[in-house]
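Trainee: What follows is final-v1.tsv, TSV, C-alpha atoms and all ligand atoms.
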```
chain	number	residue	atom	x	y	z
A	439	ARG	CA	0.00	0.00	0.00
A	440	THR	CA	1.08	3.57	-0.71
A	441	LEU	CA	0.14	6.85	0.93
A	442	ARG	CA	0.82	10.28	-0.43
A	443	PHE	CA	1.95	12.61	2.36
A	444	VAL	CA	0.79	16.06	1.32
A	445	THR	CA	3.09	18.86	2.43
A	446	THR	CA	5.34	21.67	1.34
A	447	ASN	CA	7.51	20.91	4.39
A	448	PRO	CA	10.16	18.19	3.84
A	449	GLY	CA	10.89	18.00	7.59
A	450	LYS	CA	7.47	16.46	8.19
A	451	VAL	CA	7.94	13.68	5.62
A	452	ALA	CA	11.17	12.46	7.15
A	453	GLU	CA	9.34	12.01	10.46
A	454	ALA	CA	6.32	10.34	8.85
A	455	GLU	CA	8.29	7.83	6.75
A	456	GLU	CA	9.84	6.37	9.84
A	457	TYR	CA	6.47	5.98	11.60
A	458	LEU	CA	4.52	4.49	8.75
A	459	ALA	CA	7.25	2.24	7.33
A	460	ASP	CA	5.63	-0.93	8.70
A	461	VAL	CA	2.18	-0.24	7.29
A	462	SER	CA	2.74	1.74	4.11
A	463	ASP	CA	5.11	3.29	1.58
A	464	VAL	CA	5.12	7.05	1.89
A	465	ASP	CA	5.53	9.35	-1.11
A	466	ARG	CA	5.79	13.07	-0.69
A	467	PHE	CA	3.08	15.00	-2.53
A	468	ASP	CA	4.30	18.60	-2.74
A	469	TYR	CA	0.91	20.28	-2.93
A	470	ASP	CA	-0.21	23.43	-1.15
A	471	TYR	CA	-3.71	22.36	-0.14
A	472	THR	CA	-6.34	24.97	0.61
A	473	GLU	CA	-6.13	25.80	4.31
A	474	ILE	CA	-9.59	26.86	5.40
A	475	GLN	CA	-9.80	29.67	7.96
A	476	SER	CA	-10.52	27.87	11.22
A	477	ASP	CA	-9.11	27.50	14.69
A	478	ASP	CA	-9.74	23.76	14.56
A	479	LEU	CA	-6.68	21.86	13.30
A	480	ALA	CA	-8.76	18.73	12.64
A	481	GLU	CA	-11.15	20.61	10.40
A	482	ILE	CA	-8.26	22.25	8.52
A	483	ALA	CA	-6.50	18.92	8.03
A	484	ALA	CA	-9.65	16.99	7.03
A	485	ARG	CA	-10.71	19.55	4.45
A	486	GLY	CA	-7.11	19.79	3.21
A	487	ALA	CA	-6.90	16.02	2.75
A	488	GLU	CA	-10.14	15.95	0.76
A	489	ASP	CA	-8.90	18.84	-1.39
A	490	ALA	CA	-5.55	17.09	-1.99
A	491	PHE	CA	-7.22	13.76	-2.81
A	492	GLN	CA	-9.44	15.43	-5.43
A	493	SER	CA	-6.53	17.35	-6.93
A	494	GLN	CA	-4.65	14.26	-8.10
A	495	ASP	CA	-5.24	12.30	-11.30
A	496	SER	CA	-4.82	9.02	-9.41
A	497	GLN	CA	-6.85	7.61	-6.49
A	498	VAL	CA	-3.99	7.14	-4.04
A	499	PRO	CA	-4.95	7.77	-0.38
A	500	VAL	CA	-3.51	11.00	0.97
A	501	VAL	CA	-2.44	12.24	4.38
A	502	VAL	CA	-2.32	15.87	5.47
A	503	ASP	CA	-0.57	17.00	8.64
A	504	ASP	CA	-1.61	20.28	10.21
A	505	ALA	CA	0.35	21.38	13.25
A	506	GLY	CA	0.91	24.38	15.45
A	507	LEU	CA	2.53	25.77	18.55
A	508	PHE	CA	0.12	26.94	21.28
A	509	VAL	CA	1.51	29.23	24.00
A	510	ARG	CA	-0.79	29.06	26.99
A	511	ALA	CA	-0.23	32.57	28.37
A	512	LEU	CA	-0.80	34.02	24.88
A	513	ASP	CA	-4.23	32.34	24.64
A	514	GLY	CA	-2.84	29.71	22.29
A	515	PHE	CA	-1.00	32.05	19.91
A	516	PRO	CA	0.29	31.36	17.25
A	517	GLY	CA	-1.82	28.14	17.10
A	518	PRO	CA	-3.42	27.56	13.70
A	519	TYR	CA	-1.50	30.60	12.40
A	520	SER	CA	1.91	29.13	13.29
A	521	SER	CA	3.02	28.87	9.68
A	522	TYR	CA	2.14	32.48	8.89
A	523	VAL	CA	3.78	33.69	12.10
A	524	GLU	CA	6.98	31.73	11.40
A	525	ASP	CA	7.15	33.30	7.92
A	526	THR	CA	6.43	36.83	9.13
A	527	LEU	CA	7.67	37.33	12.72
A	528	GLY	CA	10.05	34.38	12.74
A	529	VAL	CA	10.97	31.99	15.52
A	530	GLU	CA	13.45	34.33	17.24
A	531	ARG	CA	10.79	37.00	17.66
A	532	VAL	CA	8.25	34.50	18.95
A	533	TRP	CA	10.85	33.69	21.61
A	534	GLN	CA	11.19	37.43	22.36
A	535	LEU	CA	7.41	37.69	22.77
A	536	CYS	CA	7.50	34.84	25.29
A	537	GLU	CA	10.67	35.90	27.10
A	538	GLY	CA	8.84	38.27	29.45
A	539	LEU	CA	6.01	35.87	30.29
A	540	GLU	CA	5.89	34.48	33.80
A	541	ASN	CA	4.44	31.20	32.52
A	542	ARG	CA	6.06	29.96	29.31
A	543	ARG	CA	4.24	26.65	29.09
A	544	ALA	CA	3.22	25.67	25.58
A	545	ALA	CA	2.01	22.71	23.56
A	546	PHE	CA	2.64	21.45	20.08
A	547	ARG	CA	-0.49	20.00	18.53
A	548	CYS	CA	-0.78	18.00	15.35
A	549	VAL	CA	-3.67	16.48	13.46
A	550	VAL	CA	-3.06	14.07	10.62
A	551	ALA	CA	-5.98	13.54	8.28
A	552	TYR	CA	-6.36	10.56	5.96
A	553	ALA	CA	-8.62	10.68	2.90
A	554	ASP	CA	-9.20	8.03	0.23
A	555	GLY	CA	-12.33	9.34	-1.47
A	556	ASP	CA	-14.66	7.17	0.65
A	557	THR	CA	-13.41	7.83	4.14
A	558	THR	CA	-11.84	10.78	5.91
A	559	GLU	CA	-10.32	10.10	9.34
A	560	THR	CA	-8.37	12.40	11.68
A	561	PHE	CA	-5.83	11.51	14.37
A	562	ALA	CA	-4.56	14.02	16.94
A	563	GLY	CA	-1.42	14.22	19.05
A	564	SER	CA	0.01	16.79	21.42
A	565	VAL	CA	3.00	17.32	23.65
A	566	GLN	CA	3.60	19.78	26.49
A	567	GLY	CA	6.74	21.86	26.88
A	568	THR	CA	8.20	25.26	27.72
A	569	ILE	CA	9.32	28.08	25.45
A	570	VAL	CA	13.04	28.79	25.85
A	571	ALA	CA	15.79	30.78	24.10
A	572	PRO	CA	16.70	28.96	20.84
A	573	ARG	CA	19.00	25.93	21.21
A	574	GLY	CA	19.95	23.15	18.80
A	575	GLU	CA	20.35	22.61	15.07
A	576	GLY	CA	18.00	19.68	14.38
A	577	GLY	CA	14.34	19.50	13.48
A	578	PHE	CA	12.57	22.43	11.88
A	579	GLY	CA	10.24	25.33	12.58
A	580	TYR	CA	9.77	26.10	16.27
A	581	ASP	CA	11.85	23.13	17.48
A	582	PRO	CA	14.75	25.30	18.80
A	583	ILE	CA	12.47	27.17	21.24
A	584	PHE	CA	10.42	24.17	22.45
A	585	ASP	CA	11.93	22.52	25.51
A	586	HIS	CA	10.70	19.15	26.71
A	587	ASP	CA	12.25	17.91	29.97
A	588	GLY	CA	15.42	19.97	29.57
A	589	GLU	CA	16.06	19.32	25.89
A	590	THR	CA	14.72	21.29	22.94
A	591	PHE	CA	13.23	19.35	20.04
A	592	ALA	CA	16.07	20.79	17.92
A	593	GLU	CA	18.58	19.10	20.24
A	594	MET	CA	16.98	15.67	19.64
A	595	ASP	CA	17.47	13.37	16.67
A	596	THR	CA	14.44	12.36	14.61
A	597	ALA	CA	13.85	9.10	16.48
A	598	GLU	CA	13.97	10.83	19.86
A	599	LYS	CA	11.62	13.59	18.73
A	600	ASN	CA	9.22	11.09	17.13
A	601	ALA	CA	8.99	9.09	20.32
A	602	LEU	CA	7.61	12.12	22.18
A	603	SER	CA	6.22	14.51	19.64
A	604	HIS	CA	2.74	15.64	18.71
A	605	ARG	CA	3.36	14.31	15.20
A	606	GLY	CA	4.70	10.98	16.44
A	607	ARG	CA	1.63	10.50	18.63
A	608	ALA	CA	-0.77	11.34	15.82
A	609	LEU	CA	1.09	9.14	13.32
A	610	ALA	CA	1.11	6.24	15.78
A	611	LYS	CA	-2.70	6.40	15.89
A	612	LEU	CA	-2.87	6.54	12.10
A	613	ALA	CA	-0.51	3.56	11.83
A	614	ASP	CA	-2.67	1.53	14.24
A	615	TRP	CA	-5.80	2.39	12.32
A	616	LEU	CA	-4.20	1.52	8.96
A	617	ALA	CA	-3.02	-1.80	10.34
A	618	GLU	CA	-6.64	-2.65	11.23
A	619	GLN	CA	-7.99	-1.85	7.75
B	701	LIG	P1	2.36	22.16	5.07
B	701	LIG	O1	1.11	22.86	5.52
B	701	LIG	O2	2.64	22.28	3.61
B	701	LIG	O3	2.42	20.73	5.54
B	701	LIG	P2	3.64	23.94	6.93
B	701	LIG	O4	5.05	24.04	7.39
B	701	LIG	O5	2.93	25.18	6.54
B	701	LIG	O6	3.64	22.85	5.77
B	701	LIG	P3	1.80	23.60	9.15
B	701	LIG	O7	0.81	24.57	8.62
B	701	LIG	O8	1.29	22.36	9.78
B	701	LIG	O9	2.82	23.17	8.02
B	701	LIG	O10	2.85	24.22	10.13
B	701	LIG	C1	2.56	25.11	11.10
B	701	LIG	C2	3.82	25.74	11.60
B	701	LIG	O11	4.28	25.00	12.70
B	701	LIG	C3	4.98	25.86	10.62
B	701	LIG	O12	5.61	27.11	10.86
B	701	LIG	C4	5.89	24.71	11.01
B	701	LIG	O13	7.26	25.00	10.77
B	701	LIG	C5	5.61	24.59	12.49
B	701	LIG	N1	5.72	23.20	12.91
B	701	LIG	C6	4.92	22.17	12.55
B	701	LIG	N2	5.35	21.04	13.10
B	701	LIG	C7	6.45	21.35	13.81
B	701	LIG	C8	7.36	20.61	14.58
B	701	LIG	O14	7.25	19.30	14.70
B	701	LIG	N3	8.36	21.26	15.16
B	701	LIG	C9	8.50	22.59	15.03
B	701	LIG	N4	7.70	23.36	14.31
B	701	LIG	C10	6.68	22.74	13.70
B	702	NA	NA	0.60	24.90	5.97
```
Have the structure of the file written as structure tokens, please.
Mentor:
Amino acid sequence: RTLRFVTTNPGKVAEAEEYLADVSDVDRFDYDYTEIQSDDLAEIAARGAEDAFQSQDSQVPVVVDDAGLFVRALDGFPGPYSSYVEDTLGVERVWQLCEGLENRRAAFRCVVAYADGDTTETFAGSVQGTIVAPRGEGGFGYDPIFDHDGETFAEMDTAEKNALSHRGRALAKLADWLAEQ
């Protein structure tokens, strides 16, 4: 079986390939799916997966991954707008926004959505952490400012990050579900 992992972000695919290796081949589908305006990651991912499925000439099942960083004391900012905020403000300035906060607790959330034309299913994962000054060279996006038990995600290798991460948890649920099909 093959899945097309729909993303413009190569960092995500590397993490997904490892998780889904036992249940499926994973091809990257570099397609910028329509992100509906919503504060619900599951709704964004589900609609994105249906859009991506329809956009192809073939009928290969697709997976979309929508993720974000939610800073508790900023009412969940940047949340569903994490991509826009990374491109505009940048990670360093998100750190500066958080630097003065008394409580720097945050969560990464991820929803992966599967669509095959008949069925659309979503799987969620999250992980708690603290926003810190940037450290580490690995990972991507907000990883350098997300500390989990004393290590930033950018200081972990892919396997270590996958074992704890929002994406890893969501992909594990998808893998279980696929194995049952
Ligand atoms: P696609 O939508 O094409 O998949 P994207 O990078 O825009 O790529 P998202 O909308 O899901 O993906 O990403 C939201 C933002 O959160 C974006 O700035 C990512 O870099 C960041 N992000 C997502 N997962 C992350 C992770 O595991 N570690 C650090 N940052 C992450
Ligand atoms: Na995106």
Trainee: Kindly provide, as a list in words, the polymer residues lying within 12 Å of (8.0, 18.5, 2.9), counting all atoms listed in the file and using the coordinates exactly as they appear in the file.
Mentor: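 Checked against the point, the hits come out as Arg442, Phe443, Val444, Thr445, Thr446, Asn447, Pro448, Gly449, Lys450, Val451, Ala452, Glu453, Ala454, Glu455, Val464, Asp465, Arg466, Phe467, Asp468, Tyr469, Asp470, Val502, Asp503 and Phe578 of chain A.
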Trainee: What does the list of residues within 9 Å of ligand LIG 701 (chain B) look like if you count all atoms listed in the file, written as a CSV table (one decimal) with C-alpha atoms, in the frame of the given file?
Mentor:
```csv
chain,number,residue,atom,x,y,z
A,443,PHE,CA,2.0,12.6,2.4
A,444,VAL,CA,0.8,16.1,1.3
A,445,THR,CA,3.1,18.9,2.4
A,446,THR,CA,5.3,21.7,1.3
A,447,ASN,CA,7.5,20.9,4.4
A,448,PRO,CA,10.2,18.2,3.8
A,449,GLY,CA,10.9,18.0,7.6
A,450,LYS,CA,7.5,16.5,8.2
A,451,VAL,CA,7.9,13.7,5.6
A,453,GLU,CA,9.3,12.0,10.5
A,468,ASP,CA,4.3,18.6,-2.7
A,469,TYR,CA,0.9,20.3,-2.9
A,470,ASP,CA,-0.2,23.4,-1.2
A,471,TYR,CA,-3.7,22.4,-0.1
A,473,GLU,CA,-6.1,25.8,4.3
A,479,LEU,CA,-6.7,21.9,13.3
A,483,ALA,CA,-6.5,18.9,8.0
A,502,VAL,CA,-2.3,15.9,5.5
A,503,ASP,CA,-0.6,17.0,8.6
A,504,ASP,CA,-1.6,20.3,10.2
A,505,ALA,CA,0.4,21.4,13.2
A,506,GLY,CA,0.9,24.4,15.4
A,507,LEU,CA,2.5,25.8,18.6
A,516,PRO,CA,0.3,31.4,17.2
A,517,GLY,CA,-1.8,28.1,17.1
A,518,PRO,CA,-3.4,27.6,13.7
A,519,TYR,CA,-1.5,30.6,12.4
A,520,SER,CA,1.9,29.1,13.3
A,521,SER,CA,3.0,28.9,9.7
A,522,TYR,CA,2.1,32.5,8.9
A,523,VAL,CA,3.8,33.7,12.1
A,524,GLU,CA,7.0,31.7,11.4
A,525,ASP,CA,7.2,33.3,7.9
A,528,GLY,CA,10.0,34.4,12.7
A,529,VAL,CA,11.0,32.0,15.5
A,546,PHE,CA,2.6,21.4,20.1
A,547,ARG,CA,-0.5,20.0,18.5
A,548,CYS,CA,-0.8,18.0,15.4
A,549,VAL,CA,-3.7,16.5,13.5
A,577,GLY,CA,14.3,19.5,13.5
A,578,PHE,CA,12.6,22.4,11.9
A,579,GLY,CA,10.2,25.3,12.6
A,580,TYR,CA,9.8,26.1,16.3
A,581,ASP,CA,11.8,23.1,17.5
A,582,PRO,CA,14.8,25.3,18.8
A,583,ILE,CA,12.5,27.2,21.2
A,584,PHE,CA,10.4,24.2,22.4
A,591,PHE,CA,13.2,19.4,20.0
A,592,ALA,CA,16.1,20.8,17.9
A,599,LYS,CA,11.6,13.6,18.7
A,600,ASN,CA,9.2,11.1,17.1
A,603,SER,CA,6.2,14.5,19.6
A,604,HIS,CA,2.7,15.6,18.7
A,605,ARG,CA,3.4,14.3,15.2
A,606,GLY,CA,4.7,11.0,16.4
```
Trainee: Which residue is closest to Pro572 in chain A? Choose from A:Glu530, A:Glu537, A:Asp556, A:Glu598 and count only C-alpha atoms.
Mentor: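 Of the candidates, the smallest distance to Pro572 in chain A is held by A:Glu530.
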Trainee: For the atom pair CA of Leu512 in chain A and CA of Ala610 in chain A, what is the interatomic distance in Å to one decimal place?
Mentor: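 Interatomic distance here is 29.3 Å.
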Trainee: What is the distance between CA of Ile569 in chain A and CA of Arg510 in chain A, in Å to one decimal?
Mentor: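 Result for CA of Ile569 in chain A versus CA of Arg510 in chain A: 10.3 Å, one decimal.
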Trainee: Write out as an MDAnalysis selection string which residues come within 12 Å of Asp614 in chain A when counting all atoms listed in the file, dropping same-chain ones fewer than 5 positions away.
Mentor: chainID A and resid 457:458 460:462 561 607:609 619
Trainee: I'd like the interatomic distance between CA of Ala480 in chain A and CA of Ala551 in chain A, to a tenth of an Å.
Mentor: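 Between CA of Ala480 in chain A and CA of Ala551 in chain A the gap is 7.3 Å.
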Trainee: Go through A:Gln492, A:Asp587, A:Gly486, A:Asp463 one by one, measure the shortest atom-to-atom distance of each to ligand NA 702 (chain B) using only C-alpha atoms and all ligand atoms, and give the residue with the smallest value.
Mentor: A:Gly486
